[in-house]
file final33.txt (compact mmCIF, C-alpha atoms)
# COMPACT_ATOMS: atom_id res chain seq x y z
CA MET A 1094 15.40 143.80 69.97
CA VAL A 1095 17.14 143.12 66.66
CA LYS A 1096 19.14 146.34 67.09
CA GLN A 1097 20.31 145.23 70.53
CA GLN A 1098 21.39 141.87 69.14
CA ARG A 1099 23.32 143.62 66.35
CA ASP A 1100 25.02 145.91 68.87
CA GLN A 1101 25.98 142.94 71.01
CA ILE A 1102 27.37 141.08 67.96
CA GLY A 1103 29.34 144.20 66.99
CA LYS A 1104 30.82 144.46 70.46
CA VAL A 1105 31.78 140.77 70.41
CA ASN A 1106 33.51 141.15 67.01
CA THR A 1107 35.36 144.26 68.20
CA ASN A 1108 36.51 142.49 71.36
CA ASN A 1109 37.69 139.51 69.32
CA GLU A 1110 39.74 141.78 67.01
CA VAL A 1111 41.32 143.52 69.98
CA GLN A 1112 42.11 140.17 71.62
CA CYS A 1113 43.55 138.89 68.32
CA GLU A 1114 45.76 141.97 67.91
CA ALA A 1115 46.87 141.75 71.53
CA GLY A 1116 47.70 138.08 71.10
CA THR A 1117 49.66 138.79 67.94
CA HIS A 1118 51.55 141.59 69.66
CA ARG A 1119 52.46 139.34 72.61
CA HIS A 1120 53.59 136.59 70.22
CA PHE A 1121 55.71 139.13 68.32
CA GLU A 1122 57.28 140.36 71.57
CA ARG A 1123 58.11 136.80 72.64
CA THR A 1124 59.56 136.04 69.21
CA LEU A 1125 61.84 139.09 69.35
CA ALA A 1126 62.90 138.26 72.91
CA ASP A 1127 63.80 134.71 71.89
CA ILE A 1128 65.71 135.96 68.85
CA SER A 1129 67.65 138.52 70.89
CA ALA A 1130 68.64 135.86 73.41
CA ARG A 1131 70.16 133.70 70.66
CA PHE A 1132 72.69 136.40 69.75
CA VAL A 1133 74.17 136.49 73.26
CA ASN A 1134 77.60 134.80 73.09
CA LEU A 1135 76.73 133.49 69.63
CA PRO A 1136 79.74 131.94 67.84
CA VAL A 1137 80.78 133.97 64.84
CA GLU A 1138 80.39 131.08 62.42
CA GLN A 1139 76.68 130.80 63.34
CA ILE A 1140 75.77 134.47 62.85
CA ASP A 1141 74.63 134.22 59.21
CA ASN A 1142 72.30 131.27 59.75
CA THR A 1143 70.89 132.80 62.93
CA ILE A 1144 70.11 136.11 61.16
CA GLU A 1145 68.28 134.32 58.34
CA ASP A 1146 66.31 132.20 60.84
CA ALA A 1147 65.36 135.38 62.71
CA MET A 1148 64.24 137.07 59.49
CA ARG A 1149 62.07 134.06 58.67
CA GLU A 1150 60.46 133.99 62.13
CA ILE A 1151 59.71 137.73 62.04
CA CYS A 1152 58.14 137.48 58.59
CA VAL A 1153 56.01 134.50 59.63
CA CYS A 1154 54.95 136.21 62.85
CA LEU A 1155 53.94 139.45 61.09
CA GLY A 1156 52.70 137.87 57.89
CA VAL A 1157 55.32 139.68 55.80
CA ASP A 1158 56.20 138.23 52.40
CA LEU A 1159 59.94 138.91 52.22
CA SER A 1160 62.93 140.22 54.16
CA ALA A 1161 66.31 141.16 52.71
CA LEU A 1162 69.56 142.32 54.30
CA TRP A 1163 71.97 144.19 52.05
CA GLN A 1164 75.52 145.25 52.90
CA TRP A 1165 77.78 147.81 51.27
CA THR A 1166 81.02 146.34 49.99
CA ASP A 1167 84.40 147.72 51.06
CA GLU A 1168 85.66 147.74 47.48
CA SER A 1169 82.80 149.89 46.10
CA PRO A 1170 80.64 151.92 48.51
CA ARG A 1171 77.88 152.23 45.86
CA ILE A 1172 77.36 148.49 45.51
CA LEU A 1173 74.92 146.74 47.84
CA THR A 1174 75.43 143.00 48.20
CA LEU A 1175 72.53 140.74 49.19
CA SER A 1176 73.95 138.78 52.14
CA HIS A 1177 70.77 137.47 53.83
CA LEU A 1178 67.33 136.77 52.33
CA TYR A 1179 64.06 135.19 53.41
CA SER A 1180 61.54 134.51 50.64
CA PRO A 1181 59.03 131.69 51.19
CA PRO A 1182 58.47 129.26 48.31
CA PRO A 1183 57.15 129.65 45.74
CA PRO A 1184 58.87 133.02 45.18
CA ILE A 1185 56.66 135.97 44.44
CA GLY A 1186 57.88 138.24 41.70
CA PRO A 1187 61.35 138.27 40.10
CA ASP A 1188 64.45 136.95 41.84
CA ARG A 1189 66.54 139.39 43.84
CA PRO A 1190 69.96 140.09 42.33
CA ASP A 1191 73.11 139.29 44.30
CA SER A 1192 74.23 142.92 44.13
CA VAL A 1193 72.88 146.25 42.94
CA ASP A 1194 74.15 149.78 42.41
CA ALA A 1195 72.10 151.49 45.10
CA GLU A 1196 72.68 155.03 43.86
CA GLU A 1197 71.63 154.06 40.35
CA ILE A 1198 68.34 152.23 40.99
CA PHE A 1199 67.35 153.58 44.44
CA PRO A 1200 68.86 157.10 44.51
CA TRP A 1201 66.18 158.69 46.72
CA THR A 1202 65.99 155.77 49.15
CA CYS A 1203 69.79 155.48 49.24
CA SER A 1204 70.23 159.15 50.17
CA LYS A 1205 67.72 158.80 53.00
CA VAL A 1206 69.24 155.57 54.33
CA LEU A 1207 72.78 156.98 54.31
CA LYS A 1208 71.49 159.76 56.56
CA GLY A 1209 70.31 157.12 59.03
CA GLU A 1210 66.57 157.52 58.36
CA THR A 1211 64.19 154.58 58.78
CA LEU A 1212 61.63 154.61 55.94
CA ILE A 1213 58.04 153.33 55.72
CA LEU A 1214 57.36 153.15 52.01
CA SER A 1215 54.25 152.56 49.94
CA THR A 1216 55.09 152.12 46.28
CA ASP A 1217 51.89 153.78 45.09
CA ASN A 1218 52.37 156.81 47.35
CA MET A 1219 55.99 157.88 46.89
CA PRO A 1220 57.05 161.52 46.36
CA PRO A 1221 57.80 162.79 42.84
CA GLU A 1222 61.55 162.93 43.48
CA ALA A 1223 61.45 159.16 44.14
CA ALA A 1224 60.12 158.32 40.67
CA LEU A 1225 63.11 156.08 39.79
CA ASP A 1226 62.84 154.27 43.15
CA GLN A 1227 59.10 153.77 42.52
CA GLU A 1228 59.75 152.26 39.10
CA THR A 1229 62.38 149.91 40.48
CA ARG A 1230 60.11 148.78 43.32
CA ARG A 1231 57.32 148.02 40.85
CA GLY A 1232 59.78 145.98 38.85
CA PHE A 1233 60.35 143.86 41.97
CA ASN A 1234 56.58 143.74 42.70
CA VAL A 1235 57.07 145.47 46.07
CA LYS A 1236 53.90 147.07 47.46
CA SER A 1237 54.92 148.15 50.96
CA SER A 1238 58.19 148.17 52.93
CA VAL A 1239 60.00 149.10 56.07
CA VAL A 1240 63.61 150.04 55.25
CA ILE A 1241 66.01 150.26 58.22
CA PRO A 1242 69.63 151.46 57.93
CA LEU A 1243 72.26 149.34 59.67
CA SER A 1244 74.76 151.29 61.75
CA ALA A 1245 76.85 150.09 64.69
CA GLY A 1246 77.57 152.46 67.56
CA GLY A 1247 76.76 155.62 65.64
CA GLY A 1248 79.26 154.73 62.94
CA PRO A 1249 78.73 154.84 59.18
CA VAL A 1250 75.86 152.90 57.62
CA ILE A 1251 77.09 149.45 56.60
CA GLY A 1252 73.88 148.18 55.02
CA VAL A 1253 70.11 148.11 55.05
CA LEU A 1254 67.42 145.71 56.32
CA SER A 1255 64.01 145.64 54.63
CA PHE A 1256 60.72 143.89 55.29
CA ASP A 1257 58.54 143.86 52.17
CA ASP A 1258 54.93 143.07 51.36
CA LEU A 1259 54.59 142.01 47.74
CA GLN A 1260 50.82 141.47 47.46
CA LYS A 1261 49.17 144.26 49.43
CA ASP A 1262 49.76 147.69 50.86
CA ARG A 1263 49.80 147.44 54.62
CA VAL A 1264 49.96 149.67 57.66
CA TRP A 1265 53.11 149.50 59.76
CA PRO A 1266 52.33 150.44 63.39
CA TYR A 1267 54.89 152.58 65.18
CA GLU A 1268 55.49 149.93 67.85
CA THR A 1269 56.18 147.29 65.20
CA VAL A 1270 58.63 149.53 63.34
CA ASN A 1271 60.33 150.42 66.62
CA ARG A 1272 60.75 146.73 67.51
CA LEU A 1273 62.07 145.95 64.02
CA THR A 1274 64.59 148.80 64.39
CA LEU A 1275 65.83 147.31 67.66
CA MET A 1276 66.13 143.90 66.02
CA ALA A 1277 68.05 145.49 63.14
CA GLN A 1278 70.49 146.88 65.72
CA VAL A 1279 70.97 143.34 67.09
CA PHE A 1280 71.74 142.15 63.54
CA THR A 1281 74.12 145.07 63.02
CA ASN A 1282 76.09 144.36 66.18
CA ALA A 1283 76.40 140.72 65.19
CA LEU A 1284 77.56 141.64 61.67
CA ALA A 1285 80.05 144.16 63.07
CA ARG A 1286 81.43 141.46 65.35
CA GLN A 1287 81.59 139.12 62.37
CA ARG A 1288 83.47 141.71 60.31
CA SER A 1289 85.88 142.35 63.16
CA ASP A 1290 86.46 138.64 63.54
CA ILE A 1291 87.10 138.25 59.82
CA GLU A 1292 89.52 141.18 59.84
CA LEU A 1293 91.25 139.75 62.92
CA ARG A 1294 91.56 136.33 61.33
CA GLU A 1295 92.90 137.82 58.11
CA SER A 1296 95.36 139.89 60.11
CA GLN A 1297 96.41 136.83 62.08
CA ALA A 1298 96.73 134.83 58.88
CA ARG A 1299 98.92 137.52 57.32
CA LEU A 1300 100.99 137.76 60.50
CA GLN A 1301 101.27 133.97 60.66
CA LEU A 1302 102.35 133.83 57.03
CA ALA A 1303 104.88 136.60 57.58
CA THR A 1304 106.31 135.05 60.74
CA GLU A 1305 106.50 131.60 59.19
CA SER A 1306 108.17 132.99 56.08
CA ALA A 1307 110.68 134.85 58.23
CA GLY A 1308 111.00 131.98 60.71
CA VAL A 1309 109.95 134.20 63.64
CA GLY A 1310 108.28 132.70 66.70
CA LEU A 1311 105.96 134.98 68.71
CA TRP A 1312 105.20 134.53 72.40
CA ILE A 1313 103.51 136.28 75.36
CA MET A 1314 104.24 135.35 78.97
CA ASP A 1315 101.87 136.13 81.84
CA PRO A 1316 103.80 135.88 85.13
CA ASP A 1317 100.62 136.02 87.24
CA THR A 1318 99.30 132.75 85.80
CA ASP A 1319 102.70 131.38 84.69
CA SER A 1320 101.09 130.73 81.31
CA VAL A 1321 102.66 131.36 77.91
CA TRP A 1322 101.02 131.84 74.54
CA ALA A 1323 103.15 130.94 71.53
CA ASN A 1324 102.47 130.62 67.83
CA ARG A 1325 103.23 127.47 65.87
CA GLN A 1326 106.64 128.67 64.75
CA ASN A 1327 107.76 129.38 68.32
CA ARG A 1328 106.57 125.96 69.50
CA SER A 1329 108.59 124.38 66.72
CA LEU A 1330 111.74 126.27 67.74
CA PHE A 1331 111.48 124.83 71.27
CA ASN A 1332 110.33 121.34 70.18
CA LEU A 1333 106.91 121.78 71.83
CA GLN A 1334 103.66 120.15 70.65
CA GLU A 1335 100.94 122.33 69.08
CA ASP A 1336 98.30 121.16 71.60
CA GLU A 1337 100.60 121.26 74.61
CA ALA A 1338 99.70 123.59 77.49
CA LEU A 1339 102.59 126.01 77.85
CA SER A 1340 104.23 127.60 80.84
CA TYR A 1341 107.52 129.34 81.55
CA ALA A 1342 108.85 126.02 82.85
CA SER A 1343 108.05 124.38 79.49
CA PHE A 1344 110.40 126.73 77.69
CA ASN A 1345 112.98 126.70 80.49
CA ARG A 1346 113.29 122.90 80.24
CA ALA A 1347 114.02 123.16 76.54
CA ILE A 1348 116.99 125.50 77.11
CA ASP A 1349 120.47 124.01 77.42
CA PRO A 1350 121.34 123.57 81.14
CA GLN A 1351 124.50 125.66 80.72
CA ASP A 1352 122.39 128.63 79.55
CA ARG A 1353 119.32 128.36 81.80
CA GLU A 1354 120.53 130.47 84.70
CA ARG A 1355 121.77 133.23 82.42
CA VAL A 1356 118.48 133.31 80.47
CA ASP A 1357 116.42 133.23 83.67
CA GLN A 1358 118.33 136.21 85.04
CA ALA A 1359 117.77 138.12 81.78
CA VAL A 1360 114.00 137.43 81.87
CA LYS A 1361 113.68 138.50 85.51
CA SER A 1362 115.70 141.64 84.87
CA ALA A 1363 113.46 142.57 81.93
CA MET A 1364 110.32 142.03 84.03
CA GLN A 1365 111.59 144.10 86.94
CA SER A 1366 113.42 146.96 85.23
CA GLY A 1367 111.46 147.22 81.99
CA GLU A 1368 114.64 147.04 79.94
CA ARG A 1369 114.53 145.18 76.66
CA LEU A 1370 115.12 141.44 76.79
CA LEU A 1371 117.96 140.50 74.46
CA THR A 1372 119.65 137.13 74.82
CA GLU A 1373 120.82 134.06 72.93
CA PHE A 1374 120.90 130.48 74.12
CA ARG A 1375 121.04 126.89 72.94
CA VAL A 1376 118.22 124.39 72.52
CA ALA A 1377 118.70 120.71 71.78
CA ALA A 1378 117.09 119.76 68.45
CA PRO A 1379 115.21 116.42 68.05
CA ASP A 1380 118.09 115.01 65.96
CA GLY A 1381 120.52 115.70 68.81
CA SER A 1382 122.10 118.77 67.24
CA VAL A 1383 122.24 122.14 68.97
CA ARG A 1384 120.00 124.96 67.84
CA TRP A 1385 120.82 128.58 68.74
CA ILE A 1386 117.82 130.82 69.54
CA HIS A 1387 117.91 134.63 69.56
CA VAL A 1388 115.17 136.15 71.78
CA ARG A 1389 114.11 139.78 71.82
CA GLY A 1390 111.27 141.03 74.03
CA ARG A 1391 109.84 143.84 76.12
CA ARG A 1392 107.60 144.33 79.14
CA LEU A 1393 103.97 145.40 78.66
CA ILE A 1394 101.87 147.08 81.37
CA ASP A 1395 98.10 147.57 81.06
CA SER A 1396 96.33 150.91 81.49
CA SER A 1397 95.80 150.30 85.23
CA GLY A 1398 99.53 149.79 85.74
CA ASN A 1399 99.00 146.45 87.47
CA LYS A 1400 98.95 143.76 84.81
CA ILE A 1401 102.45 143.00 83.55
CA ARG A 1402 103.28 140.74 80.65
CA LEU A 1403 106.38 139.98 78.65
CA MET A 1404 106.03 139.82 74.88
CA GLY A 1405 108.70 138.97 72.37
CA ALA A 1406 109.94 137.09 69.35
CA SER A 1407 112.31 134.16 68.85
CA VAL A 1408 114.51 133.49 65.83
CA ASP A 1409 116.67 130.51 64.94
CA VAL A 1410 120.20 131.90 64.46
CA SER A 1411 122.00 128.54 64.23
CA LYS A 1412 123.26 129.28 60.73
CA ARG A 1413 124.60 132.63 61.86
CA LYS A 1414 126.31 131.01 64.85
CA GLN A 1415 127.75 128.33 62.61
CA MET A 1416 129.06 130.97 60.22
CA GLU A 1417 130.52 132.94 63.14
CA LYS A 1418 132.29 129.79 64.38
CA GLN A 1419 133.60 129.06 60.90
CA LEU A 1420 134.78 132.65 60.63
CA ARG A 1421 136.53 132.45 64.00
CA ASP A 1422 138.16 129.17 63.02
CA GLN A 1423 139.23 130.64 59.70
CA LEU A 1424 140.62 133.75 61.40
CA ALA A 1425 142.51 131.57 63.87
CA GLU A 1426 143.84 129.48 61.02
CA ILE A 1427 144.83 132.62 59.11
CA THR A 1428 146.60 133.95 62.21
CA ASP A 1429 148.50 130.69 62.64
CA LEU A 1430 149.43 130.64 58.97
CA LYS A 1431 150.52 134.27 59.17
CA GLN A 1432 152.73 133.57 62.15
CA GLN A 1433 154.14 130.48 60.45
CA LEU A 1434 154.75 132.51 57.31
CA GLU A 1435 156.55 135.17 59.32
CA ARG A 1436 158.72 132.54 60.97
CA ASP A 1437 159.44 130.93 57.63
CA ASN A 1438 160.18 134.32 56.12
CA ILE A 1439 162.66 135.16 58.86
CA HIS A 1440 164.31 131.78 58.45
CA LEU A 1441 164.49 132.14 54.68
CA ARG A 1442 165.88 135.65 54.95
CA LYS A 1443 168.59 134.37 57.26
CA GLU A 1444 169.31 131.54 54.86
CA ILE A 1445 169.50 133.97 51.98
CA GLU A 1446 171.74 136.30 53.93
CA LEU A 1447 174.03 133.43 54.85
CA GLN A 1448 174.09 132.18 51.31
CA HIS A 1449 174.69 135.54 49.60
CA VAL A 1450 176.49 137.58 52.26
CA HIS A 1451 179.83 136.33 50.95
CA GLU A 1452 178.91 136.59 47.28
CA ASP A 1453 182.01 138.73 46.59
CA ILE A 1454 184.20 135.90 47.91
CA VAL A 1455 184.40 133.29 45.19
CA SER A 1456 186.58 130.75 46.98
CA ARG A 1457 184.71 127.71 48.34
CA SER A 1458 187.63 125.65 49.65
CA SER A 1459 187.36 123.97 53.01
CA ALA A 1460 189.93 126.38 54.47
CA MET A 1461 187.96 129.35 53.22
CA GLN A 1462 184.67 127.86 54.49
CA ARG A 1463 186.30 127.55 57.92
CA ILE A 1464 187.43 131.17 57.83
CA LEU A 1465 183.95 132.35 56.74
CA GLY A 1466 182.47 130.41 59.64
CA GLN A 1467 184.80 132.25 62.02
CA VAL A 1468 183.72 135.54 60.41
CA GLU A 1469 180.02 134.73 61.08
CA GLN A 1470 180.79 133.80 64.69
CA VAL A 1471 182.72 136.93 65.53
CA ALA A 1472 180.60 139.41 63.56
CA GLY A 1473 177.77 139.39 66.08
CA THR A 1474 180.07 140.40 68.96
CA ASP A 1475 181.68 143.70 69.89
CA ALA A 1476 185.16 142.13 70.07
CA THR A 1477 188.13 143.62 68.16
CA VAL A 1478 189.11 141.40 65.22
CA LEU A 1479 192.62 141.03 63.84
CA ILE A 1480 192.88 139.75 60.29
CA GLU A 1481 196.33 138.63 59.16
CA GLY A 1482 197.56 137.55 55.76
CA GLU A 1483 199.87 138.25 52.88
CA THR A 1484 199.31 141.14 50.57
CA GLY A 1485 196.53 140.35 48.08
CA THR A 1486 194.97 137.49 50.03
CA GLY A 1487 191.70 139.46 50.67
CA LYS A 1488 192.03 140.85 54.19
CA GLU A 1489 189.79 143.83 53.28
CA LEU A 1490 187.10 141.50 51.87
CA MET A 1491 187.06 139.65 55.18
CA ALA A 1492 186.76 142.95 57.05
CA ARG A 1493 183.80 143.95 54.91
CA ALA A 1494 182.18 140.54 55.50
CA VAL A 1495 182.53 141.04 59.28
CA HIS A 1496 180.96 144.50 58.93
CA ARG A 1497 177.99 143.25 56.88
CA LEU A 1498 177.14 140.64 59.52
CA SER A 1499 177.69 142.94 62.52
CA ASN A 1500 175.19 145.15 64.36
CA ARG A 1501 176.92 148.16 62.80
CA LYS A 1502 176.16 147.08 59.23
CA ASN A 1503 173.96 150.19 58.63
CA ARG A 1504 176.82 152.53 59.59
CA LEU A 1505 179.80 153.64 57.50
CA LEU A 1506 182.84 151.35 57.19
CA VAL A 1507 186.10 153.44 57.09
CA THR A 1508 189.17 151.77 55.63
CA VAL A 1509 192.73 153.07 56.05
CA ASN A 1510 195.82 151.93 54.13
CA CYS A 1511 198.42 151.88 56.94
CA ALA A 1512 201.30 151.14 54.51
CA SER A 1513 200.85 154.55 52.95
CA LEU A 1514 201.07 156.39 56.26
CA PRO A 1515 204.41 157.90 57.40
CA PRO A 1516 205.59 156.35 60.66
CA THR A 1517 205.24 159.66 62.44
CA LEU A 1518 201.54 159.97 61.50
CA VAL A 1519 200.31 156.45 62.20
CA GLU A 1520 199.38 157.14 65.83
CA SER A 1521 197.54 160.37 65.13
CA GLU A 1522 195.78 158.94 61.98
CA LEU A 1523 194.48 155.84 63.66
CA PHE A 1524 193.79 157.07 67.17
CA GLY A 1525 193.08 160.78 66.69

call {"tool": "encode", "arguments": {"input": "final33.txt", "output": "structure tokens"}}
result
Amino acid sequence: MVKQQRDQIGKVNTNNEVQCEAGTHRHFERTLADISARFVNLPVEQIDNTIEDAMREICVCLGVDLSALWQWTDESPRILTLSHLYSPPPPIGPDRPDSVDAEEIFPWTCSKVLKGETLILSTDNMPPEAALDQETRRGFNVKSSVVIPLSAGGGPVIGVLSFDDLQKDRVWPYETVNRLTLMAQVFTNALARQRSDIELRESQARLQLATESAGVGLWIMDPDTDSVWANRQNRSLFNLQEDEALSYASFNRAIDPQDRERVDQAVKSAMQSGERLLTEFRVAAPDGSVRWIHVRGRRLIDSSGNKIRLMGASVDVSKRKQMEKQLRDQLAEITDLKQQLERDNIHLRKEIELQHVHEDIVSRSSAMQRILGQVEQVAGTDATVLIEGETGTGKELMARAVHRLSNRKNRLLVTVNCASLPPTLVESELFG
């Protein structure tokens, strides 16, 4: 009778343990399901807090003392940085450092993790080659652990997630380890997305800094939705508000009416033909002045060949335009001055010629001035000139003056003394 009662009590205890384990397993499954659901469409800025909350809930559900998530730094692949930690108060054992040299204090574990192996470790039962790892674990009062490498999409290991028991050596069922591995993958995907977001933001910040320093405005136009994305610099060039919804019409209204049709034709031509967009136009500045904008762009087609967008950059070239106008004005002024100088030069040369053409004639009497005036009048014609006067009055000087002012001044002047010719030779000497 007593034996039957003992058997019945044993069966009841066994059933209670099975029911307890089953209940714990169901609770663990629900916890993991709830945690996984939180990471769907989770904002990047909430990833860190959500991971730490998930680590806490898993530890509480399984009765684990501590969980730590370490990540390798980009600057030094050997250094593991503690990025997420759950340790219930009061802390058990020494504090965890912010970073460690994994290859120095956990060489055996590090080599296994880098190969993508998930480890179930008992500090008291580690292989001889893991002696340094065993000593380090005892220094941190770690009795038992599950160590899971973090790798996204089959890529390199970016870190490690551990769940540690500090007070007792425990058994880690296969199903539990498998579920923890799946949860580690959820954490890894979230961290990879966080890293990508950080890199994207840093890239955008560098691009923004570069474009602002260079005064370049970036824009992308989607003709299907008639929407336009533009950075802050481009909005400023077109006098558009930072929170204003943009469209092609928004930019078109900002363009000077005299340039709108020409710019519109250039944009349509670039969209249809795929040729580069290259144009310049005017935009009215808030102070009423005119701002010249240089736009360069190109058409983009997606992999399916259907989606077409126009992407480009805008630059304020008002200073260049102003300098070009000043240069044109200066060139025009130089041309006018050159022409004026040429006219003045011609006039001065004529004045000099008139003043010094008769420099070998010293007489300046009114009668002589009248004769010299007649010489200047007749020199430009092809008429035959007869000069009369007494011997020694300067008839030859007058002839030379007529020659210097005539169209034949560059040709030879031949003089003949008729008084020395015999009467019989005058006709043949003068007329051949």

call {"tool": "residues_around", "arguments": {"input": "final33.txt", "residues": "Val1153 of chain A", "least_positions_apart": "5", "cutoff": "10 Å", "atoms": "all atoms listed in the file", "output": "list in words"}}
result
Phe1121, Ala1147, Met1148, Asp1158, Leu1159 and Pro1181 of chain A

call {"tool": "atom_distance", "arguments": {"input": "final33.txt", "atom1": "atom CA of Arg1288 of chain A", "atom2": "atom CA of Trp1165 of chain A"}}
result
12.3 Å

call {"tool": "atom_distance", "arguments": {"input": "final33.txt", "atom1": "atom CA of Glu1122 of chain A", "atom2": "atom CA of Leu1175 of chain A"}}
result
27.1 Å

call {"tool": "closest_residue", "arguments": {"input": "final33.txt", "among": "A:Ile1128, A:Leu1259, A:Val1408, A:Leu1162", "to": "Leu1284 of chain A", "atoms": "only C-alpha atoms"}}
result
A:Leu1162

call {"tool": "residues_around", "arguments": {"input": "final33.txt", "residues": "segment 1383-1394 of chain A", "least_positions_apart": "6", "cutoff": "10 Å", "atoms": "only C-alpha atoms", "output": "ChimeraX atom specification"}}
result
/A:1309-1314,1330-1331,1348-1349,1356,1360,1363-1377,1400-1415

call {"tool": "residues_around", "arguments": {"input": "final33.txt", "residues": "Pro1136 of chain A", "least_positions_apart": "4", "cutoff": "12 Å", "atoms": "only C-alpha atoms", "output": "list in words"}}
result
Arg1131, Phe1132, Ile1140, Asp1141, Asn1142, Thr1143, Ala1283, Leu1284, Arg1286, Gln1287 and Asp1290 of chain A

call {"tool": "closest_residue", "arguments": {"input": "final33.txt", "among": "A:Met1461, A:Leu1424, A:Val1137, A:Ala1492", "to": "Val1507 of chain A", "atoms": "all atoms listed in the file"}}
result
A:Ala1492

call {"tool": "closest_residue", "arguments": {"input": "final33.txt", "among": "A:Ser1215, A:Ala1224, A:Gly1381, A:Ser1204", "to": "Pro1242 of chain A", "atoms": "all atoms listed in the file"}}
result
A:Ser1204

call {"tool": "closest_residue", "arguments": {"input": "final33.txt", "among": "A:Leu1479, A:Arg1355, A:Thr1174, A:Ser1238", "to": "Thr1202 of chain A", "atoms": "only C-alpha atoms"}}
result
A:Ser1238

call {"tool": "residues_near_point", "arguments": {"input": "final33.txt", "point": "(58.8, 151.0, 54.6)", "cutoff": "6 Å", "atoms": "only C-alpha atoms", "output": "PyMOL selection string"}}
result
chain A and resi 1212-1214+1238-1240

call {"tool": "atom_distance", "arguments": {"input": "final33.txt", "atom1": "atom CA of Val1235 of chain A", "atom2": "atom CA of Asp1217 of chain A"}}
result
9.8 Å

call {"tool": "closest_residue", "arguments": {"input": "final33.txt", "among": "A:Gln1326, A:Ser1521, A:Thr1474, A:Ser1289", "to": "Arg1501 of chain A", "atoms": "only C-alpha atoms"}}
result
A:Thr1474

call {"tool": "residues_near_point", "arguments": {"input": "final33.txt", "point": "(68.4, 149.1, 55.0)", "cutoff": "6 Å", "atoms": "all atoms listed in the file", "output": "PDB file with C-alpha atoms, in the frame of the given file"}}
result
ATOM      1  CA  VAL A1240      63.610 150.040  55.250  1.00  0.00           C
ATOM      2  CA  ILE A1241      66.010 150.260  58.220  1.00  0.00           C
ATOM      3  CA  PRO A1242      69.630 151.460  57.930  1.00  0.00           C
ATOM      4  CA  GLY A1252      73.880 148.180  55.020  1.00  0.00           C
ATOM      5  CA  VAL A1253      70.110 148.110  55.050  1.00  0.00           C
ATOM      6  CA  LEU A1254      67.420 145.710  56.320  1.00  0.00           C
ATOM      7  CA  SER A1255      64.010 145.640  54.630  1.00  0.00           C
TER       8      SER A1255
END

call {"tool": "residues_around", "arguments": {"input": "final33.txt", "residues": "Val1157 of chain A", "least_positions_apart": "4", "cutoff": "7 Å", "atoms": "all atoms listed in the file", "output": "list of chain:residue names"}}
result
A:Cys1152, A:Val1153, A:Phe1256, A:Asp1257, A:Asp1258
